[in-house]
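One file, input.txt, is given below (compact mmCIF, C-alpha atoms and all ligand atoms).
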```txt
# COMPACT_ATOMS: atom_id res chain seq x y z
CA MET A 55 56.85 22.61 17.96
CA ARG A 56 57.18 23.35 14.22
CA VAL A 57 58.36 20.63 11.88
CA ASP A 58 60.29 23.13 9.77
CA ASP A 59 62.18 24.29 12.84
CA GLN A 60 63.02 20.78 13.87
CA LEU A 61 64.30 19.26 10.70
CA ALA A 62 67.97 18.37 10.75
CA ILE A 63 68.45 17.76 7.08
CA ARG A 64 70.84 15.28 5.55
CA SER A 65 70.57 14.86 1.84
CA CYS A 66 72.14 12.97 -1.00
CA ARG A 67 71.41 13.20 -4.71
CA PHE A 68 70.25 10.03 -6.39
CA GLY A 69 67.45 10.97 -8.76
CA ASP A 70 64.77 13.60 -9.00
CA ILE A 71 62.61 12.84 -6.01
CA ARG A 72 63.32 13.99 -2.50
CA LEU A 73 62.30 11.57 0.18
CA VAL A 74 61.49 13.28 3.42
CA GLN A 75 61.30 11.04 6.41
CA THR A 76 61.14 12.63 9.81
CA LEU A 77 61.23 10.45 12.85
CA ILE A 78 59.44 11.97 15.75
CA ALA A 79 59.92 10.73 19.28
CA THR A 80 56.40 11.32 20.50
CA GLN A 81 56.97 10.46 24.11
CA SER A 82 59.81 12.92 24.62
CA ARG A 83 58.14 15.42 22.20
CA SER A 84 61.56 15.91 20.62
CA ARG A 85 62.25 15.09 17.01
CA ARG A 86 65.10 12.79 16.17
CA ALA A 87 67.17 12.44 13.04
CA CYS A 88 65.54 13.35 9.79
CA ALA A 89 66.77 12.02 6.47
CA ILE A 90 66.05 13.61 3.14
CA GLY A 91 67.17 11.42 0.25
CA TYR A 92 66.70 11.47 -3.47
CA GLY A 93 65.39 8.38 -5.22
CA ALA A 94 63.93 7.50 -8.56
CA HIS A 95 60.89 5.80 -7.03
CA VAL A 96 58.82 6.15 -3.90
CA ARG A 97 58.22 3.04 -1.80
CA THR A 98 56.94 0.07 -3.73
CA THR A 99 55.26 -1.33 -0.65
CA ALA A 100 52.70 1.45 -0.15
CA ASP A 101 49.01 0.63 -0.54
CA VAL A 102 48.15 4.19 -1.45
CA LEU A 103 50.02 7.08 -3.06
CA VAL A 104 48.46 10.46 -2.21
CA ILE A 105 49.34 13.31 -4.57
CA GLY A 106 49.40 16.63 -2.69
CA ALA A 107 50.62 17.86 0.68
CA GLY A 108 48.00 20.53 1.36
CA VAL A 109 45.29 20.17 3.97
CA CYS A 110 43.32 17.69 1.85
CA GLY A 111 46.28 15.45 0.99
CA LEU A 112 47.65 15.34 4.55
CA SER A 113 44.23 14.74 6.16
CA THR A 114 43.44 12.01 3.63
CA ALA A 115 46.80 10.33 4.21
CA LEU A 116 46.24 10.41 7.99
CA VAL A 117 42.79 8.86 7.82
CA LEU A 118 44.13 6.10 5.54
CA LEU A 119 47.10 5.48 7.85
CA ASP A 120 44.78 5.24 10.86
CA ALA A 121 42.76 2.61 8.98
CA GLY A 122 45.89 0.52 8.55
CA PHE A 123 46.94 1.37 4.98
CA ALA A 124 50.59 2.07 4.12
CA VAL A 125 50.63 5.57 2.64
CA ASP A 126 53.12 7.69 0.73
CA VAL A 127 52.48 11.34 -0.13
CA TYR A 128 54.04 12.90 -3.24
CA ALA A 129 53.93 16.65 -3.79
CA ALA A 130 55.55 19.32 -5.89
CA GLU A 131 55.38 21.79 -3.00
CA PRO A 132 55.76 21.24 0.76
CA PRO A 133 52.82 22.10 3.05
CA HIS A 134 53.92 25.69 3.78
CA HIS A 135 53.98 26.54 0.06
CA THR A 136 50.45 25.34 -0.72
CA THR A 137 47.15 27.20 -1.05
CA SER A 138 46.26 25.63 2.29
CA ALA A 139 49.02 27.62 4.02
CA ALA A 140 47.50 30.91 2.78
CA ALA A 141 44.03 30.20 4.17
CA GLY A 142 42.63 32.23 7.09
CA ALA A 143 41.12 29.81 8.05
CA LEU A 144 37.58 29.80 9.40
CA TRP A 145 35.36 26.72 9.48
CA GLY A 146 32.37 27.26 7.17
CA ALA A 147 31.49 26.15 3.63
CA HIS A 148 32.17 29.07 1.30
CA LEU A 149 32.81 29.28 -2.46
CA VAL A 150 32.24 25.60 -3.01
CA GLY A 151 29.76 23.79 -5.21
CA ALA A 152 26.89 23.20 -2.82
CA ASP A 153 25.49 19.69 -3.04
CA ASN A 154 24.11 17.45 -0.36
CA ARG A 155 27.53 15.91 0.45
CA VAL A 156 29.04 19.20 1.57
CA SER A 157 27.19 19.67 4.86
CA ASN A 158 28.09 16.12 5.95
CA TRP A 159 31.76 16.64 5.15
CA ALA A 160 31.75 20.01 6.90
CA GLY A 161 29.99 18.53 9.95
CA ARG A 162 32.53 15.73 10.26
CA THR A 163 35.39 18.23 10.03
CA LEU A 164 33.75 20.51 12.60
CA HIS A 165 33.58 17.64 15.05
CA ARG A 166 37.26 16.79 14.49
CA PHE A 167 38.35 20.44 14.78
CA ARG A 168 36.54 20.78 18.08
CA GLU A 169 38.36 17.69 19.35
CA LEU A 170 41.72 19.00 18.09
CA ALA A 171 41.13 22.44 19.66
CA GLY A 172 42.10 20.77 22.93
CA ASP A 173 45.62 20.16 21.63
CA PRO A 174 47.68 23.38 21.77
CA GLU A 175 50.04 22.12 19.02
CA ALA A 176 47.21 21.80 16.47
CA GLY A 177 46.73 25.55 16.04
CA ILE A 178 42.92 25.38 16.25
CA THR A 179 40.87 27.73 18.43
CA GLU A 180 37.13 27.80 19.01
CA MET A 181 36.52 31.55 18.75
CA ALA A 182 33.65 34.00 18.99
CA GLY A 183 33.27 36.41 16.12
CA LEU A 184 31.14 38.77 14.08
CA VAL A 185 30.05 38.47 10.43
CA ALA A 186 28.77 41.70 8.90
CA SER A 187 27.27 42.87 5.63
CA PRO A 188 27.03 46.37 4.10
CA ALA A 189 23.37 45.59 3.26
CA ALA A 190 20.52 45.03 5.69
CA GLU A 191 20.45 41.27 5.19
CA PRO A 192 17.57 39.33 6.76
CA GLU A 193 19.64 36.13 7.20
CA PRO A 194 23.25 35.41 8.18
CA PRO A 195 25.57 34.14 5.43
CA SER A 196 25.23 30.44 4.66
CA PHE A 197 28.80 29.66 5.78
CA THR A 198 27.73 30.23 9.40
CA ARG A 199 25.28 27.30 9.19
CA GLY A 200 26.04 24.29 11.33
CA ALA A 201 28.53 25.86 13.74
CA GLY A 202 25.94 26.55 16.46
CA PRO A 203 23.68 29.42 17.52
CA VAL A 204 23.94 32.59 15.41
CA THR A 205 22.51 35.75 16.95
CA PRO A 206 21.82 39.08 15.23
CA CYS A 207 23.71 42.15 16.49
CA ASP A 208 22.45 45.61 17.22
CA ARG A 209 23.40 48.14 14.58
CA ALA A 210 25.40 50.00 17.25
CA GLU A 211 27.75 47.02 17.59
CA LEU A 212 28.72 47.10 13.90
CA PRO A 213 31.77 48.85 12.46
CA ALA A 214 31.15 51.84 10.19
CA GLY A 215 29.96 50.82 6.73
CA PHE A 216 28.07 47.72 7.82
CA ALA A 217 24.30 47.52 8.11
CA SER A 218 23.71 44.04 9.52
CA GLY A 219 25.69 41.47 11.43
CA TRP A 220 25.59 38.26 13.45
CA ARG A 221 27.62 36.74 16.24
CA TYR A 222 28.53 33.06 16.57
CA THR A 223 31.48 30.87 17.46
CA ALA A 224 33.42 28.56 15.14
CA PRO A 225 36.88 26.97 14.90
CA ILE A 226 39.59 29.07 13.32
CA VAL A 227 42.77 27.39 12.20
CA ALA A 228 46.32 28.81 12.16
CA MET A 229 47.21 27.05 8.94
CA PRO A 230 51.03 26.97 9.00
CA ALA A 231 50.94 25.53 12.54
CA TYR A 232 48.13 23.13 11.64
CA LEU A 233 49.94 21.86 8.53
CA ASP A 234 53.05 21.27 10.66
CA TYR A 235 50.86 19.36 13.09
CA LEU A 236 49.36 17.20 10.35
CA LEU A 237 52.77 16.53 8.80
CA GLY A 238 54.17 15.58 12.20
CA LEU A 239 51.31 13.11 12.71
CA LEU A 240 51.77 11.69 9.22
CA LEU A 241 55.47 11.01 9.71
CA ASN A 242 54.97 9.75 13.23
CA LYS A 243 52.40 7.21 12.02
CA GLY A 244 54.80 5.82 9.41
CA GLY A 245 53.67 7.83 6.38
CA GLN A 246 56.25 9.39 4.10
CA LEU A 247 56.36 12.68 2.23
CA HIS A 248 58.20 12.80 -1.07
CA LEU A 249 58.82 16.17 -2.72
CA GLY A 250 59.66 16.34 -6.39
CA GLN A 251 58.94 17.83 -9.78
CA PRO A 252 55.31 18.65 -10.58
CA LEU A 253 53.74 15.64 -12.31
CA ARG A 254 52.71 16.60 -15.84
CA ARG A 255 50.15 13.83 -16.17
CA LEU A 256 48.53 11.38 -13.78
CA ALA A 257 50.21 8.60 -15.78
CA GLU A 258 53.50 9.82 -14.28
CA ALA A 259 52.14 8.99 -10.82
CA GLU A 260 51.44 5.46 -12.04
CA SER A 261 55.09 4.95 -12.94
CA LEU A 262 56.24 6.67 -9.73
CA SER A 263 54.73 4.10 -7.41
CA ALA A 264 53.41 0.58 -7.55
CA ALA A 265 50.65 1.47 -5.08
CA PRO A 266 47.37 0.01 -6.37
CA ILE A 267 45.53 3.20 -5.42
CA ILE A 268 46.47 6.79 -6.20
CA VAL A 269 44.53 9.59 -4.51
CA ASN A 270 44.54 12.91 -6.33
CA CYS A 271 44.60 15.80 -3.82
CA ALA A 272 46.39 18.24 -6.12
CA GLY A 273 44.13 21.25 -5.42
CA ILE A 274 44.34 23.80 -8.23
CA GLY A 275 47.18 21.67 -9.68
CA ALA A 276 44.50 19.21 -10.83
CA ARG A 277 43.50 21.69 -13.55
CA ASP A 278 46.59 20.74 -15.59
CA LEU A 279 47.28 17.35 -14.04
CA VAL A 280 43.93 15.65 -14.77
CA PRO A 281 43.38 17.88 -16.86
CA ASP A 282 40.17 19.53 -15.64
CA PRO A 283 39.17 22.77 -17.40
CA GLY A 284 36.20 23.01 -15.01
CA LEU A 285 38.56 24.00 -12.20
CA THR A 286 39.00 27.76 -11.80
CA PRO A 287 41.47 29.57 -9.52
CA PHE A 288 39.97 32.17 -7.18
CA ARG A 289 43.02 34.07 -6.02
CA GLY A 290 43.23 34.93 -2.33
CA GLN A 291 45.72 37.37 -0.80
CA VAL A 292 46.20 37.99 2.91
CA VAL A 293 48.45 40.09 5.15
CA VAL A 294 49.91 38.75 8.39
CA THR A 295 50.56 41.19 11.27
CA THR A 296 51.38 40.94 14.94
CA ASN A 297 48.35 40.69 17.20
CA PRO A 298 47.62 43.89 19.16
CA GLY A 299 45.39 41.90 21.55
CA LEU A 300 42.49 40.71 19.37
CA THR A 301 40.58 37.67 20.59
CA GLU A 302 37.54 37.66 18.25
CA PHE A 303 37.34 37.11 14.50
CA PHE A 304 35.59 39.42 12.04
CA VAL A 305 34.28 38.74 8.52
CA GLY A 306 32.73 41.63 6.57
CA GLU A 307 31.46 41.50 3.03
CA ARG A 308 32.21 44.54 0.86
CA ASN A 309 30.28 45.93 -2.06
CA SER A 310 32.53 44.20 -4.59
CA PRO A 311 32.06 40.40 -4.66
CA ASP A 312 35.80 39.75 -4.97
CA GLU A 313 36.67 41.78 -1.88
CA VAL A 314 36.06 40.94 1.72
CA THR A 315 37.50 42.20 5.01
CA TYR A 316 38.41 39.53 7.49
CA ILE A 317 40.44 39.48 10.65
CA PHE A 318 41.51 36.16 12.13
CA PRO A 319 43.57 36.31 15.35
CA HIS A 320 45.95 33.40 15.91
CA GLY A 321 47.69 34.01 19.22
CA ALA A 322 50.66 36.27 18.50
CA THR A 323 49.65 36.96 14.90
CA VAL A 324 46.58 38.05 12.92
CA VAL A 325 45.64 37.13 9.34
CA LEU A 326 43.95 40.01 7.47
CA GLY A 327 42.07 39.47 4.23
CA GLY A 328 41.30 39.40 1.56
CA THR A 329 40.41 38.81 -2.06
CA GLN A 330 38.65 36.21 -4.17
CA GLN A 331 39.65 37.09 -7.72
CA GLU A 332 38.08 34.72 -10.22
CA GLY A 333 40.50 33.47 -12.86
CA ALA A 334 43.54 35.28 -11.41
CA SER A 335 46.53 33.03 -10.85
CA SER A 336 49.48 35.22 -9.86
CA LEU A 337 51.10 34.01 -6.65
CA ARG A 338 52.90 37.33 -6.20
CA PRO A 339 51.44 39.55 -3.44
CA ASP A 340 50.07 42.76 -4.95
CA PRO A 341 51.11 45.83 -2.90
CA VAL A 342 47.98 47.82 -3.82
CA THR A 343 45.77 44.95 -2.70
CA ALA A 344 47.77 44.64 0.53
CA GLU A 345 47.22 48.36 1.23
CA ARG A 346 43.49 47.97 0.62
CA ILE A 347 43.35 44.95 2.96
CA ILE A 348 45.25 46.78 5.70
CA ALA A 349 43.13 49.95 5.37
CA GLY A 350 39.89 47.93 5.44
CA SER A 351 41.03 46.03 8.52
CA ILE A 352 42.07 49.16 10.39
CA ALA A 353 38.69 50.74 9.60
CA VAL A 354 37.07 47.78 11.39
CA GLU A 355 39.68 47.37 14.13
CA PRO A 356 41.72 50.54 14.84
CA ARG A 357 44.11 48.63 17.13
CA LEU A 358 45.65 47.15 13.96
CA ALA A 359 46.95 50.59 12.91
CA ASP A 360 50.27 50.13 14.70
CA ALA A 361 50.63 46.38 14.22
CA PRO A 362 53.86 45.54 12.38
CA ILE A 363 53.39 43.59 9.14
CA LEU A 364 55.01 40.17 9.28
CA GLY A 365 54.27 38.91 5.79
CA HIS A 366 51.97 38.39 2.84
CA ARG A 367 50.44 35.16 1.56
CA VAL A 368 48.69 34.26 -1.68
CA GLY A 369 46.82 31.08 -2.59
CA LEU A 370 44.61 29.85 -5.43
CA ARG A 371 41.30 28.40 -4.28
CA PRO A 372 40.41 25.42 -6.50
CA VAL A 373 36.80 26.29 -7.40
CA ARG A 374 34.65 23.76 -9.28
CA SER A 375 30.90 23.31 -9.82
CA ARG A 376 31.14 20.46 -7.28
CA VAL A 377 33.94 18.80 -5.34
CA ARG A 378 35.32 15.89 -7.35
CA LEU A 379 35.38 12.90 -5.02
CA GLU A 380 35.08 9.76 -7.11
CA VAL A 381 36.89 6.62 -8.24
CA GLN A 382 38.34 6.32 -11.74
CA PRO A 383 39.72 2.90 -12.78
CA ILE A 384 43.22 3.03 -14.26
CA SER A 385 43.45 -0.67 -15.10
CA SER A 386 41.96 -3.90 -13.81
CA ARG A 387 44.17 -3.67 -10.70
CA ARG A 388 44.82 0.04 -10.19
CA TYR A 389 42.50 2.89 -9.31
CA LEU A 390 42.57 6.62 -9.01
CA VAL A 391 40.48 8.36 -6.35
CA HIS A 392 39.95 12.08 -6.96
CA ASN A 393 39.64 14.44 -4.00
CA TYR A 394 39.94 18.00 -5.27
CA GLY A 395 37.93 21.10 -6.16
CA HIS A 396 37.13 22.25 -2.61
CA GLY A 397 37.09 25.94 -3.57
CA GLY A 398 37.07 28.25 -0.55
CA ALA A 399 36.26 25.41 1.82
CA GLY A 400 39.09 22.89 1.63
CA VAL A 401 39.94 23.33 5.30
CA THR A 402 36.26 23.05 6.26
CA LEU A 403 35.74 19.85 4.28
CA SER A 404 39.14 18.24 4.87
CA TRP A 405 38.31 15.51 7.41
CA GLY A 406 34.91 14.75 5.91
CA CYS A 407 36.40 14.27 2.44
CA ALA A 408 39.27 12.24 3.88
CA HIS A 409 36.76 9.81 5.37
CA ALA A 410 34.84 9.68 2.09
CA VAL A 411 38.11 8.70 0.38
CA LEU A 412 38.64 6.03 3.05
CA THR A 413 35.21 4.58 2.23
CA GLU A 414 36.17 4.34 -1.46
CA VAL A 415 39.63 2.91 -0.75
CA SER A 416 38.30 0.33 1.71
CA ALA A 417 35.73 -0.81 -0.84
CA LEU A 418 38.42 -1.15 -3.51
CA PHE A 419 40.52 -3.27 -1.14
CA GLY A 420 37.43 -5.34 -0.40
CA HIS A 421 37.32 -4.36 3.30
C1 LIG B 1 43.29 33.45 1.13
C2 LIG B 1 42.56 32.17 1.30
C3 LIG B 1 41.69 32.02 2.37
C4 LIG B 1 40.99 30.83 2.55
N1 LIG B 1 40.18 30.70 3.64
C5 LIG B 1 39.59 29.53 3.87
C6 LIG B 1 38.81 29.36 5.05
O1 LIG B 1 38.66 30.28 5.86
N2 LIG B 1 38.21 28.15 5.26
C7 LIG B 1 38.35 27.11 4.37
O2 LIG B 1 37.79 26.04 4.61
N3 LIG B 1 39.10 27.25 3.25
C8 LIG B 1 39.69 28.42 2.98
N4 LIG B 1 40.42 28.59 1.84
C9 LIG B 1 40.40 27.51 0.80
C10 LIG B 1 41.40 26.42 1.13
O3 LIG B 1 42.63 26.99 1.42
C11 LIG B 1 41.52 25.46 -0.06
O4 LIG B 1 40.26 24.93 -0.41
C12 LIG B 1 42.44 24.30 0.33
O5 LIG B 1 43.67 24.80 0.76
C13 LIG B 1 42.66 23.31 -0.81
O6 LIG B 1 43.53 22.34 -0.26
P1 LIG B 1 44.16 21.21 -1.15
O7 LIG B 1 44.93 20.33 -0.23
O8 LIG B 1 43.13 20.60 -2.02
O9 LIG B 1 45.16 21.98 -2.15
P2 LIG B 1 46.60 22.75 -1.90
O10 LIG B 1 46.65 23.27 -0.54
O11 LIG B 1 46.70 23.65 -3.04
O12 LIG B 1 47.61 21.55 -2.01
C14 LIG B 1 47.84 20.93 -3.27
C15 LIG B 1 49.07 20.04 -3.18
O13 LIG B 1 49.16 19.30 -4.40
C16 LIG B 1 50.46 19.45 -4.94
N5 LIG B 1 50.37 19.40 -6.40
C17 LIG B 1 49.58 20.13 -7.20
N6 LIG B 1 49.80 19.81 -8.48
C18 LIG B 1 50.76 18.85 -8.48
C19 LIG B 1 51.43 18.14 -9.50
N7 LIG B 1 51.17 18.35 -10.82
N8 LIG B 1 52.39 17.23 -9.14
C20 LIG B 1 52.67 17.02 -7.83
N9 LIG B 1 52.06 17.69 -6.83
C21 LIG B 1 51.12 18.58 -7.16
C22 LIG B 1 50.91 20.81 -4.46
O14 LIG B 1 52.33 20.91 -4.53
C23 LIG B 1 50.39 20.77 -3.03
O15 LIG B 1 51.28 20.05 -2.19
C24 LIG B 1 41.14 29.75 1.63
C25 LIG B 1 42.02 29.90 0.55
C26 LIG B 1 42.72 31.09 0.39
C27 LIG B 1 43.68 31.21 -0.76
```

Output the structure of this file as structure tokens.
Amino acid sequence: MRVDDQLAIRSCRFGDIRLVQTLIATQSRSRRACAIGYGAHVRTTADVLVIGAGVCGLSTALVLLDAGFAVDVYAAEPPHHTTSAAAGALWGAHLVGADNRVSNWAGRTLHRFRELAGDPEAGITEMAGLVASPAAEPEPPSFTRGAGPVTPCDRAELPAGFASGWRYTAPIVAMPAYLDYLLGLLLNKGGQLHLGQPLRRLAEAESLSAAPIIVNCAGIGARDLVPDPGLTPFRGQVVVTTNPGLTEFFVGERNSPDEVTYIFPHGATVVLGGTQQEGASSLRPDPVTAERIIAGSIAVEPRLADAPILGHRVGLRPVRSRVRLEVQPISSRRYLVHNYGHGGAGVTLSWGCAHAVLTEVSALFGH
């Protein structure tokens, strides 16, 4: 059941912040009244204010709620309008500063995804697939590491234009459905989502809430918010079509480093990609790029030729030399915890980083 479909919205104007509070009757699986209000301040009783309602912000808020903290989320854009909503998304650390924390975070998320794959509402499927390269590579790409056995394919199994390939299984995530799922959990557990103007500086978050801890999960927004000039957008564009019956994913590198062909089936739909354009920040889908993505996908999977196009999505991967997950004191009694810069792996690292934030927050509260 999608949160967006379920919201019965009642709103009143009071200030510049929209308070979204959805009450979900878990037992009956039906959602009750939802109130959207406008207020000058978010709750003063929260322990933690999380900035950002993408996959990192929502996962972090959930882990903190489960540990007993009162959590508010503040975001300029709702979950469906984030970079997270544009992701494919395949588990596997890609385009992220590789340090020794990353494999632990990815492993923790993998474990959680495999648990959640049992819940049909989560939008996660453990799926077999093929990764291919135009060159005769001796090793599979590093993002396959950790998911389980990876086996080389015969050349005859590869689509035209590819010289090597490997098969393995990994979780793939239907992001709009998954973000709905996370938001539903957040609201059901007593968390709140506030939507409002983009914060210009982190100091604005300090005046927004009295919460002693603010967690920065602003994704590419952190570039201006922190500010952090070390954060670079890597633009990703995808096309969404109906699913002509595909049940396996495909990822194929192309000769240009900013192009890739991927095909991620999600039940009735398929996400086709994609691009990774360094420094590009337009959120407008480019028709020429869309044509290239569709042509590349059909070359790999001819059944897509007649699949109606349902939409286009664009997101900006927040790429940094390393994920920023660290505490920054604001004053003697208030702290900022940064959790951003996950590059092309924010989905893959989401639960692991959320637990790392919990460790920091618990220590700050003296737990
Ligand atoms: C096409 C594409 C494919 C991808 N595929 C994969 C994949 O297969 N696997 C994978 O693991 N990852 C993938 N990624 C990367 C992944 O999507 C990102 O790493 C992840 O979404 C980052 O999540 P986030 O929550 O940090 O940021 P976002 O999803 O960008 O969320 C940021 C939130 O912060 C809010 N915010 C920002 N600035 C402000 C501000 N100033 N004031 C208030 N709120 C603010 C925004 O409104 C938003 O709610 C892909 C990305 C793209 C674009």

* **Within 7 Å of ligand LIG 1 (chain B) (all atoms listed in the file), residues as an NGL selection string** => :A and (105-111 or 128-133 or 136-147 or 251-254 or 271-276 or 279 or 289-292 or 327-329 or 368-372 or 394-403)

Selected residues written out, C-alpha atoms, as a PDB file, keeping the file's coordinate frame:
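The file below, selection.pdb, is the result:
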```pdb
ATOM      1  CA  ILE A 105      49.340  13.310  -4.570  1.00  0.00           C
ATOM      2  CA  GLY A 106      49.400  16.630  -2.690  1.00  0.00           C
ATOM      3  CA  ALA A 107      50.620  17.860   0.680  1.00  0.00           C
ATOM      4  CA  GLY A 108      48.000  20.530   1.360  1.00  0.00           C
ATOM      5  CA  VAL A 109      45.290  20.170   3.970  1.00  0.00           C
ATOM      6  CA  CYS A 110      43.320  17.690   1.850  1.00  0.00           C
ATOM      7  CA  GLY A 111      46.280  15.450   0.990  1.00  0.00           C
ATOM      8  CA  TYR A 128      54.040  12.900  -3.240  1.00  0.00           C
ATOM      9  CA  ALA A 129      53.930  16.650  -3.790  1.00  0.00           C
ATOM     10  CA  ALA A 130      55.550  19.320  -5.890  1.00  0.00           C
ATOM     11  CA  GLU A 131      55.380  21.790  -3.000  1.00  0.00           C
ATOM     12  CA  PRO A 132      55.760  21.240   0.760  1.00  0.00           C
ATOM     13  CA  PRO A 133      52.820  22.100   3.050  1.00  0.00           C
ATOM     14  CA  THR A 136      50.450  25.340  -0.720  1.00  0.00           C
ATOM     15  CA  THR A 137      47.150  27.200  -1.050  1.00  0.00           C
ATOM     16  CA  SER A 138      46.260  25.630   2.290  1.00  0.00           C
ATOM     17  CA  ALA A 139      49.020  27.620   4.020  1.00  0.00           C
ATOM     18  CA  ALA A 140      47.500  30.910   2.780  1.00  0.00           C
ATOM     19  CA  ALA A 141      44.030  30.200   4.170  1.00  0.00           C
ATOM     20  CA  GLY A 142      42.630  32.230   7.090  1.00  0.00           C
ATOM     21  CA  ALA A 143      41.120  29.810   8.050  1.00  0.00           C
ATOM     22  CA  LEU A 144      37.580  29.800   9.400  1.00  0.00           C
ATOM     23  CA  TRP A 145      35.360  26.720   9.480  1.00  0.00           C
ATOM     24  CA  GLY A 146      32.370  27.260   7.170  1.00  0.00           C
ATOM     25  CA  ALA A 147      31.490  26.150   3.630  1.00  0.00           C
ATOM     26  CA  GLN A 251      58.940  17.830  -9.780  1.00  0.00           C
ATOM     27  CA  PRO A 252      55.310  18.650 -10.580  1.00  0.00           C
ATOM     28  CA  LEU A 253      53.740  15.640 -12.310  1.00  0.00           C
ATOM     29  CA  ARG A 254      52.710  16.600 -15.840  1.00  0.00           C
ATOM     30  CA  CYS A 271      44.600  15.800  -3.820  1.00  0.00           C
ATOM     31  CA  ALA A 272      46.390  18.240  -6.120  1.00  0.00           C
ATOM     32  CA  GLY A 273      44.130  21.250  -5.420  1.00  0.00           C
ATOM     33  CA  ILE A 274      44.340  23.800  -8.230  1.00  0.00           C
ATOM     34  CA  GLY A 275      47.180  21.670  -9.680  1.00  0.00           C
ATOM     35  CA  ALA A 276      44.500  19.210 -10.830  1.00  0.00           C
ATOM     36  CA  LEU A 279      47.280  17.350 -14.040  1.00  0.00           C
ATOM     37  CA  ARG A 289      43.020  34.070  -6.020  1.00  0.00           C
ATOM     38  CA  GLY A 290      43.230  34.930  -2.330  1.00  0.00           C
ATOM     39  CA  GLN A 291      45.720  37.370  -0.800  1.00  0.00           C
ATOM     40  CA  VAL A 292      46.200  37.990   2.910  1.00  0.00           C
ATOM     41  CA  GLY A 327      42.070  39.470   4.230  1.00  0.00           C
ATOM     42  CA  GLY A 328      41.300  39.400   1.560  1.00  0.00           C
ATOM     43  CA  THR A 329      40.410  38.810  -2.060  1.00  0.00           C
ATOM     44  CA  VAL A 368      48.690  34.260  -1.680  1.00  0.00           C
ATOM     45  CA  GLY A 369      46.820  31.080  -2.590  1.00  0.00           C
ATOM     46  CA  LEU A 370      44.610  29.850  -5.430  1.00  0.00           C
ATOM     47  CA  ARG A 371      41.300  28.400  -4.280  1.00  0.00           C
ATOM     48  CA  PRO A 372      40.410  25.420  -6.500  1.00  0.00           C
ATOM     49  CA  TYR A 394      39.940  18.000  -5.270  1.00  0.00           C
ATOM     50  CA  GLY A 395      37.930  21.100  -6.160  1.00  0.00           C
ATOM     51  CA  HIS A 396      37.130  22.250  -2.610  1.00  0.00           C
ATOM     52  CA  GLY A 397      37.090  25.940  -3.570  1.00  0.00           C
ATOM     53  CA  GLY A 398      37.070  28.250  -0.550  1.00  0.00           C
ATOM     54  CA  ALA A 399      36.260  25.410   1.820  1.00  0.00           C
ATOM     55  CA  GLY A 400      39.090  22.890   1.630  1.00  0.00           C
ATOM     56  CA  VAL A 401      39.940  23.330   5.300  1.00  0.00           C
ATOM     57  CA  THR A 402      36.260  23.050   6.260  1.00  0.00           C
ATOM     58  CA  LEU A 403      35.740  19.850   4.280  1.00  0.00           C
TER      59      LEU A 403
END
```

Taking a cut-off of 10 Å and counting all atoms listed in the file, can you build a table that, for each residue of segment 310-347 of chain A near segment 182-203 of chain A, reports the nearest atom pair and how far apart they are in Å (one decimal), sorted by chain then residue number, as a Markdown table?
```
| residue | atom | partner | partner_atom | distance |
| --- | --- | --- | --- | --- |
| A:Val314 | CA | A:Ser187 | CA | 9.8 |
| A:Thr315 | CA | A:Ala186 | CA | 9.6 |
| A:Tyr316 | CA | A:Val185 | CA | 8.9 |
| A:Ile317 | CA | A:Gly183 | CA | 9.5 |
| A:Phe318 | CA | A:Gly183 | CA | 9.2 |
```

* atom CA of Ala217 of chain A to atom CA of Pro311 of chain A, distance in Å rounded to a single decimal ->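 Separating atom CA of Ala217 of chain A from atom CA of Pro311 of chain A is a distance of 16.6 Å.
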
* For Val354 of chain A, the nearest of the candidates A:Asp282, A:Glu260, A:Asp153, A:Glu307, counting only C-alpha atoms ->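 Selected residue with least distance to Val354 of chain A: A:Glu307.
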
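When atom CA of Pro230 of chain A is paired with atom CA of Gly365 of chain A, their separation reads 12.8 Å.
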
* To do: For atom CA of His135 of chain A and atom CA of Ser351 of chain A, quote the distance in Å rounded to one decimal.
  =>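 Taking atom CA of His135 of chain A and atom CA of Ser351 of chain A, their separation equals 24.9 Å.
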
* Asked: Any idea what's packed within 8 Å of Phe123 of chain A, counting only C-alpha atoms, ignoring anything in its chain fewer than 5 positions away? Could you give it as number ranges by chain?
  -> A: 100-102, 118

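Residues lying at most 6 Å from (43.9, 30.2, 14.8) in file coordinates, with all atoms listed in the file considered, are Gly177, Ile178, Thr179, Ile226, Val227, Ala228 and His320 of chain A.
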
* Given the choices A:Asn270, A:Ser416, A:Ser113, A:Thr295, which gets closest to Glu380 of chain A if the distance is worked out from all atoms listed in the file? ->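 Answer, going by the shortest atom-to-atom distance: A:Asn270.
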
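Minimum atom-to-atom distance to His248 of chain A, evaluated using only C-alpha atoms, belongs to A:Ser263 out of A:Ser263, A:Ser404, A:Asp312, A:Leu364.
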
* **Residue list as a ChimeraX atom specification for point (30.5, 24.1, -8.7), cut-off 9 Å, only C-alpha atoms** => /A:149-153,284-285,373-377,395,397
